[in-house]
Amino acid sequence: MALILVSGLINIETTLQIDSFPLNYTPVCYPFFGVNGSVSGVGYNVTKALAMLGHEVHFTSLIGRDIAAQQVRSALIDIPVSDEHVLNAINHTPQSVILHDRNGRRQIHVDLKDIQQQTYPDEVFERAMAGCDLFALCNINFSRRFLQKARLTGKPIATDVHAIAQLDDEYNLDFMRAAHILFMSDERLPLPPEDWAREVLQAYAPEVVVIGLGAQGALLAIRNENVMQRIPAVTTRPIVNTIGAGDALFSAFLHSYLHSGNPYSAIRRAVVFASYKIGSTSAAEGFLNRDALERMCTERQIDP
Ligand SMILES: Nc1ncnc2c1ncn2[C@@H]1O[C@H](COP(=O)(O)OP(=O)(O)OP(=O)(O)O)[C@@H](O)[C@H]1O
Ligand SMILES: [Mg+2]
């Protein structure tokens, strides 16, 4: 078990199941049990996944001074993870609406409210970072100031820059510069993922780069070994909603990589974890616990 600091977004998520995209206009629909609400957000999802996998998490985040804040705190108790470093700093907790079709394709609408203008207090962050083995700093603005503090500890920094499209993307530059473990999505890449990963390794200094390829699986690139490998997706149960697949992949990779130091088995295990996760409706549901992941990986003869 490791002590991991996660800094990232919490939002209240509403999922709506639809038949297919694009959505035709009708004045009213009755999707029985097709509308669901949950506490979610990248920070929350990663925190919950890591806790399910047996780690202790110090979770730094900002939420509203609103009724949703109660829901967030009770969701953290349920995991259970301490809400000590989750601060009521803004008026409104961010919210998202996710439409998902019968094939699990999802469209995300996220309302960050004014969270991008908020700062997280230094002294609270410094308390939270004490003794941590790894820093998972999600690419929300309030994490940005802590990239350098985390680097000074000499512990690894992991981040996910999601649907990136430019190598010198201004918003994500600080995160890409600081990361030892760098995740992203292939969805908006201007180049084939292998070419893109090569450019990322040249432009920045991560040891490990992972690109999520959706139904095609993931691409793993390792700096020191000059290796690039595509790992195909697997099926462990029917897909309901692919929302949060990338967060699941990221979390499970960190879990296994911390344990074994082996990125090749870590990514294969993470693909199993992500495939199971997308059998749930919400981004924050469907995480295997450590033993269940272990069993599934043993069945598939994936090294620890
Ligand atoms: N449609 C799918 N079918 C099978 N596996 C999938 C599918 N979508 C995602 N996965 C699994 O989940 C992993 C992560 O998903 P994906 O590559 O879409 O992440 P991402 O694009 O980085 O993040 P996001 O969650 O924002 O899409 C994939 O590597 C794959 O293993
Ligand atoms: Mg994706």
# chains A, B, ... in the order shown; residues from 1 in each chain; ligands from 1
call {"tool": "residues_around", "arguments": {"residues": "Met228 (chain A)", "least_positions_apart": "4", "cutoff": "10 Å", "atoms": "only C-alpha atoms", "output": "ChimeraX atom specification"}}
result
/A:194,197-198,209-210,219-223
call {"tool": "write_last_selection", "arguments": {"atoms": "N, CA and C atoms", "output": "compact mmCIF listing (two decimals), in the first residue's frame"}}
result
# COMPACT_ATOMS: atom_id res chain seq x y z
N GLU A 194 1.94 6.66 -32.22
CA GLU A 194 3.37 6.34 -32.08
C GLU A 194 4.22 7.58 -32.39
N ALA A 197 3.81 10.08 -29.57
CA ALA A 197 4.54 9.70 -28.35
C ALA A 197 6.02 10.01 -28.51
N ARG A 198 6.56 9.77 -29.70
CA ARG A 198 7.97 10.08 -29.96
C ARG A 198 8.22 11.58 -29.76
N VAL A 209 5.06 7.27 -21.05
CA VAL A 209 3.94 7.95 -21.71
C VAL A 209 2.89 6.89 -22.05
N VAL A 210 1.64 7.17 -21.72
CA VAL A 210 0.55 6.27 -22.11
C VAL A 210 -0.49 7.09 -22.87
N LEU A 219 -1.47 2.82 -25.91
CA LEU A 219 -0.09 2.79 -26.37
C LEU A 219 0.81 3.14 -25.19
N LEU A 220 1.82 2.32 -24.99
CA LEU A 220 2.79 2.56 -23.91
C LEU A 220 4.14 2.90 -24.53
N ALA A 221 4.75 3.98 -24.08
CA ALA A 221 6.10 4.35 -24.55
C ALA A 221 6.99 4.56 -23.34
N ILE A 222 8.16 3.92 -23.36
CA ILE A 222 9.10 3.99 -22.24
C ILE A 222 10.38 4.66 -22.71
N ARG A 223 10.76 5.73 -22.05
CA ARG A 223 11.94 6.48 -22.49
C ARG A 223 13.22 5.63 -22.46
call {"tool": "closest_atom_pairs", "arguments": {"of": "chain A", "to": "ligand 2", "cutoff": "9 Å", "atoms": "only C-alpha atoms and all ligand atoms", "output": "Markdown table"}}
result
| residue | atom | partner | partner_atom_place_in_ligand_line | distance |
| --- | --- | --- | --- | --- |
| A:His162 | CA | ligand 2 | 1 (Mg) | 8.0 |
| A:Ala163 | CA | ligand 2 | 1 (Mg) | 7.6 |
| A:Met184 | CA | ligand 2 | 1 (Mg) | 8.7 |
| A:Ser185 | CA | ligand 2 | 1 (Mg) | 5.5 |
| A:Asp186 | CA | ligand 2 | 1 (Mg) | 6.8 |
| A:Glu187 | CA | ligand 2 | 1 (Mg) | 6.0 |
| A:Gly212 | CA | ligand 2 | 1 (Mg) | 6.1 |
| A:Leu213 | CA | ligand 2 | 1 (Mg) | 6.4 |
| A:Gly214 | CA | ligand 2 | 1 (Mg) | 4.8 |
| A:Ala215 | CA | ligand 2 | 1 (Mg) | 8.4 |
| A:Thr242 | CA | ligand 2 | 1 (Mg) | 7.8 |
| A:Ile243 | CA | ligand 2 | 1 (Mg) | 8.2 |
| A:Gly244 | CA | ligand 2 | 1 (Mg) | 8.6 |
| A:Ala245 | CA | ligand 2 | 1 (Mg) | 7.1 |
| A:Gly246 | CA | ligand 2 | 1 (Mg) | 6.3 |
call {"tool": "closest_residue", "arguments": {"among": "A:Gln116, A:Gln202, A:Asn45, A:Gln95", "to": "ligand 1", "atoms": "only C-alpha atoms and all ligand atoms"}}
result
A:Asn45
call {"tool": "residues_around", "arguments": {"residues": "Gln107 (chain A)", "least_positions_apart": "2", "cutoff": "9 Å", "atoms": "only C-alpha atoms", "output": "list in words"}}
result
Val97, Ile98, Leu99, His100, Asp101, Arg105, His109 and Ile243 of chain A
call {"tool": "residues_around", "arguments": {"residues": "Ala248 (chain A)", "least_positions_apart": "2", "cutoff": "9 Å", "atoms": "only C-alpha atoms", "output": "list in words"}}
result
Asn45, Val46, Ala49, Gly244, Ala245, Gly246, Phe250, Ser251, Ala252, Phe253, Ala270, Val271, Phe273, Ala274, Ser275, Lys277, Ile278, Ala283, Ala284 and Phe287 of chain A
call {"tool": "residues_around", "arguments": {"residues": "region 258-264 of chain A", "least_positions_apart": "5", "cutoff": "9 Å", "atoms": "only C-alpha atoms", "output": "list in words"}}
result
Met1, Ala2, Asp133, Leu134, Val208, Leu220, Ile222, Gln229, Phe253, Arg269, Asp303 and Pro304 of chain A
call {"tool": "select_by_dssp", "arguments": {"residues": "region 107-268 of chain A", "states": "strand (DSSP E)", "output": "JSON, numbers by chain"}}
result
{"A": [107, 108, 109, 110, 111, 134, 135, 136, 137, 157, 158, 159, 160, 181, 182, 183, 184, 185, 208, 209, 210, 211, 212, 218, 219, 220, 221, 222, 227, 228, 229, 230, 231]}
call {"tool": "select_by_dssp", "arguments": {"residues": "region 130-276 of chain A", "states": "alpha helix (DSSP H)", "output": "PDB file with C-alpha atoms, in the first residue's frame"}}
result
ATOM      1  CA  ASN A 141      -5.616  24.975 -12.504  1.00  0.00           C
ATOM      2  CA  PHE A 142      -5.453  24.672  -8.721  1.00  0.00           C
ATOM      3  CA  SER A 143      -2.997  21.734  -9.045  1.00  0.00           C
ATOM      4  CA  ARG A 144      -0.621  23.764 -11.196  1.00  0.00           C
ATOM      5  CA  PHE A 146       2.016  22.352  -6.686  1.00  0.00           C
ATOM      6  CA  LEU A 147       3.884  20.749  -9.570  1.00  0.00           C
ATOM      7  CA  GLN A 148       7.167  22.347  -8.503  1.00  0.00           C
ATOM      8  CA  LYS A 149       6.649  21.643  -4.800  1.00  0.00           C
ATOM      9  CA  ALA A 150       6.003  18.002  -5.640  1.00  0.00           C
ATOM     10  CA  ARG A 151       9.069  17.809  -7.876  1.00  0.00           C
ATOM     11  CA  LEU A 152      11.275  19.014  -5.048  1.00  0.00           C
ATOM     12  CA  LEU A 173       2.599  22.865 -20.626  1.00  0.00           C
ATOM     13  CA  ASP A 174       3.403  22.988 -16.891  1.00  0.00           C
ATOM     14  CA  PHE A 175       1.838  19.575 -16.349  1.00  0.00           C
ATOM     15  CA  MET A 176       3.699  17.976 -19.244  1.00  0.00           C
ATOM     16  CA  ARG A 177       7.005  19.496 -18.119  1.00  0.00           C
ATOM     17  CA  ALA A 178       6.639  18.201 -14.566  1.00  0.00           C
ATOM     18  CA  PRO A 193      -0.108   7.872 -31.600  1.00  0.00           C
ATOM     19  CA  GLU A 194       3.371   6.343 -32.079  1.00  0.00           C
ATOM     20  CA  ASP A 195       4.631   9.494 -33.834  1.00  0.00           C
ATOM     21  CA  TRP A 196       2.989  11.659 -31.230  1.00  0.00           C
ATOM     22  CA  ALA A 197       4.537   9.695 -28.346  1.00  0.00           C
ATOM     23  CA  ARG A 198       7.969  10.085 -29.959  1.00  0.00           C
ATOM     24  CA  GLU A 199       7.473  13.842 -30.151  1.00  0.00           C
ATOM     25  CA  VAL A 200       6.304  13.988 -26.540  1.00  0.00           C
ATOM     26  CA  LEU A 201       9.393  12.057 -25.390  1.00  0.00           C
ATOM     27  CA  GLN A 202      11.605  14.475 -27.307  1.00  0.00           C
ATOM     28  CA  ALA A 203       9.900  17.644 -26.132  1.00  0.00           C
ATOM     29  CA  ALA A 245     -12.312   4.891 -18.807  1.00  0.00           C
ATOM     30  CA  GLY A 246      -9.191   7.036 -18.965  1.00  0.00           C
ATOM     31  CA  ASP A 247      -9.305   7.816 -15.235  1.00  0.00           C
ATOM     32  CA  ALA A 248      -9.591   4.102 -14.505  1.00  0.00           C
ATOM     33  CA  LEU A 249      -6.677   3.276 -16.819  1.00  0.00           C
ATOM     34  CA  PHE A 250      -4.535   5.969 -15.175  1.00  0.00           C
ATOM     35  CA  SER A 251      -5.347   4.900 -11.597  1.00  0.00           C
ATOM     36  CA  ALA A 252      -4.819   1.193 -12.160  1.00  0.00           C
ATOM     37  CA  PHE A 253      -1.565   1.827 -13.993  1.00  0.00           C
ATOM     38  CA  LEU A 254      -0.262   3.837 -11.030  1.00  0.00           C
ATOM     39  CA  HIS A 255      -1.360   1.088  -8.662  1.00  0.00           C
ATOM     40  CA  SER A 256       0.450  -1.707 -10.485  1.00  0.00           C
ATOM     41  CA  TYR A 257       3.469   0.358 -11.479  1.00  0.00           C
ATOM     42  CA  LEU A 258       4.048   1.423  -7.874  1.00  0.00           C
ATOM     43  CA  HIS A 259       3.822  -2.195  -6.844  1.00  0.00           C
ATOM     44  CA  SER A 260       6.018  -3.826  -9.477  1.00  0.00           C
ATOM     45  CA  PRO A 263       5.201  -0.689 -16.887  1.00  0.00           C
ATOM     46  CA  TYR A 264       4.450  -3.545 -19.320  1.00  0.00           C
ATOM     47  CA  SER A 265       2.427  -5.590 -16.882  1.00  0.00           C
ATOM     48  CA  ALA A 266       1.033  -2.418 -15.263  1.00  0.00           C
ATOM     49  CA  ILE A 267      -0.559  -1.259 -18.508  1.00  0.00           C
ATOM     50  CA  ARG A 268      -2.007  -4.691 -19.266  1.00  0.00           C
ATOM     51  CA  ARG A 269      -3.528  -4.816 -15.802  1.00  0.00           C
ATOM     52  CA  ALA A 270      -4.824  -1.281 -16.207  1.00  0.00           C
ATOM     53  CA  VAL A 271      -6.584  -2.263 -19.450  1.00  0.00           C
ATOM     54  CA  VAL A 272      -8.384  -5.050 -17.555  1.00  0.00           C
ATOM     55  CA  PHE A 273      -9.402  -2.623 -14.796  1.00  0.00           C
ATOM     56  CA  ALA A 274     -10.654  -0.053 -17.358  1.00  0.00           C
ATOM     57  CA  SER A 275     -12.619  -2.646 -19.303  1.00  0.00           C
ATOM     58  CA  TYR A 276     -14.499  -3.687 -16.171  1.00  0.00           C
TER      59      TYR A 276
END
call {"tool": "closest_residue", "arguments": {"among": "A:Ala69, A:Val86, A:Ala158, A:Leu189", "to": "Phe125 (chain A)", "atoms": "only C-alpha atoms"}}
result
A:Val86
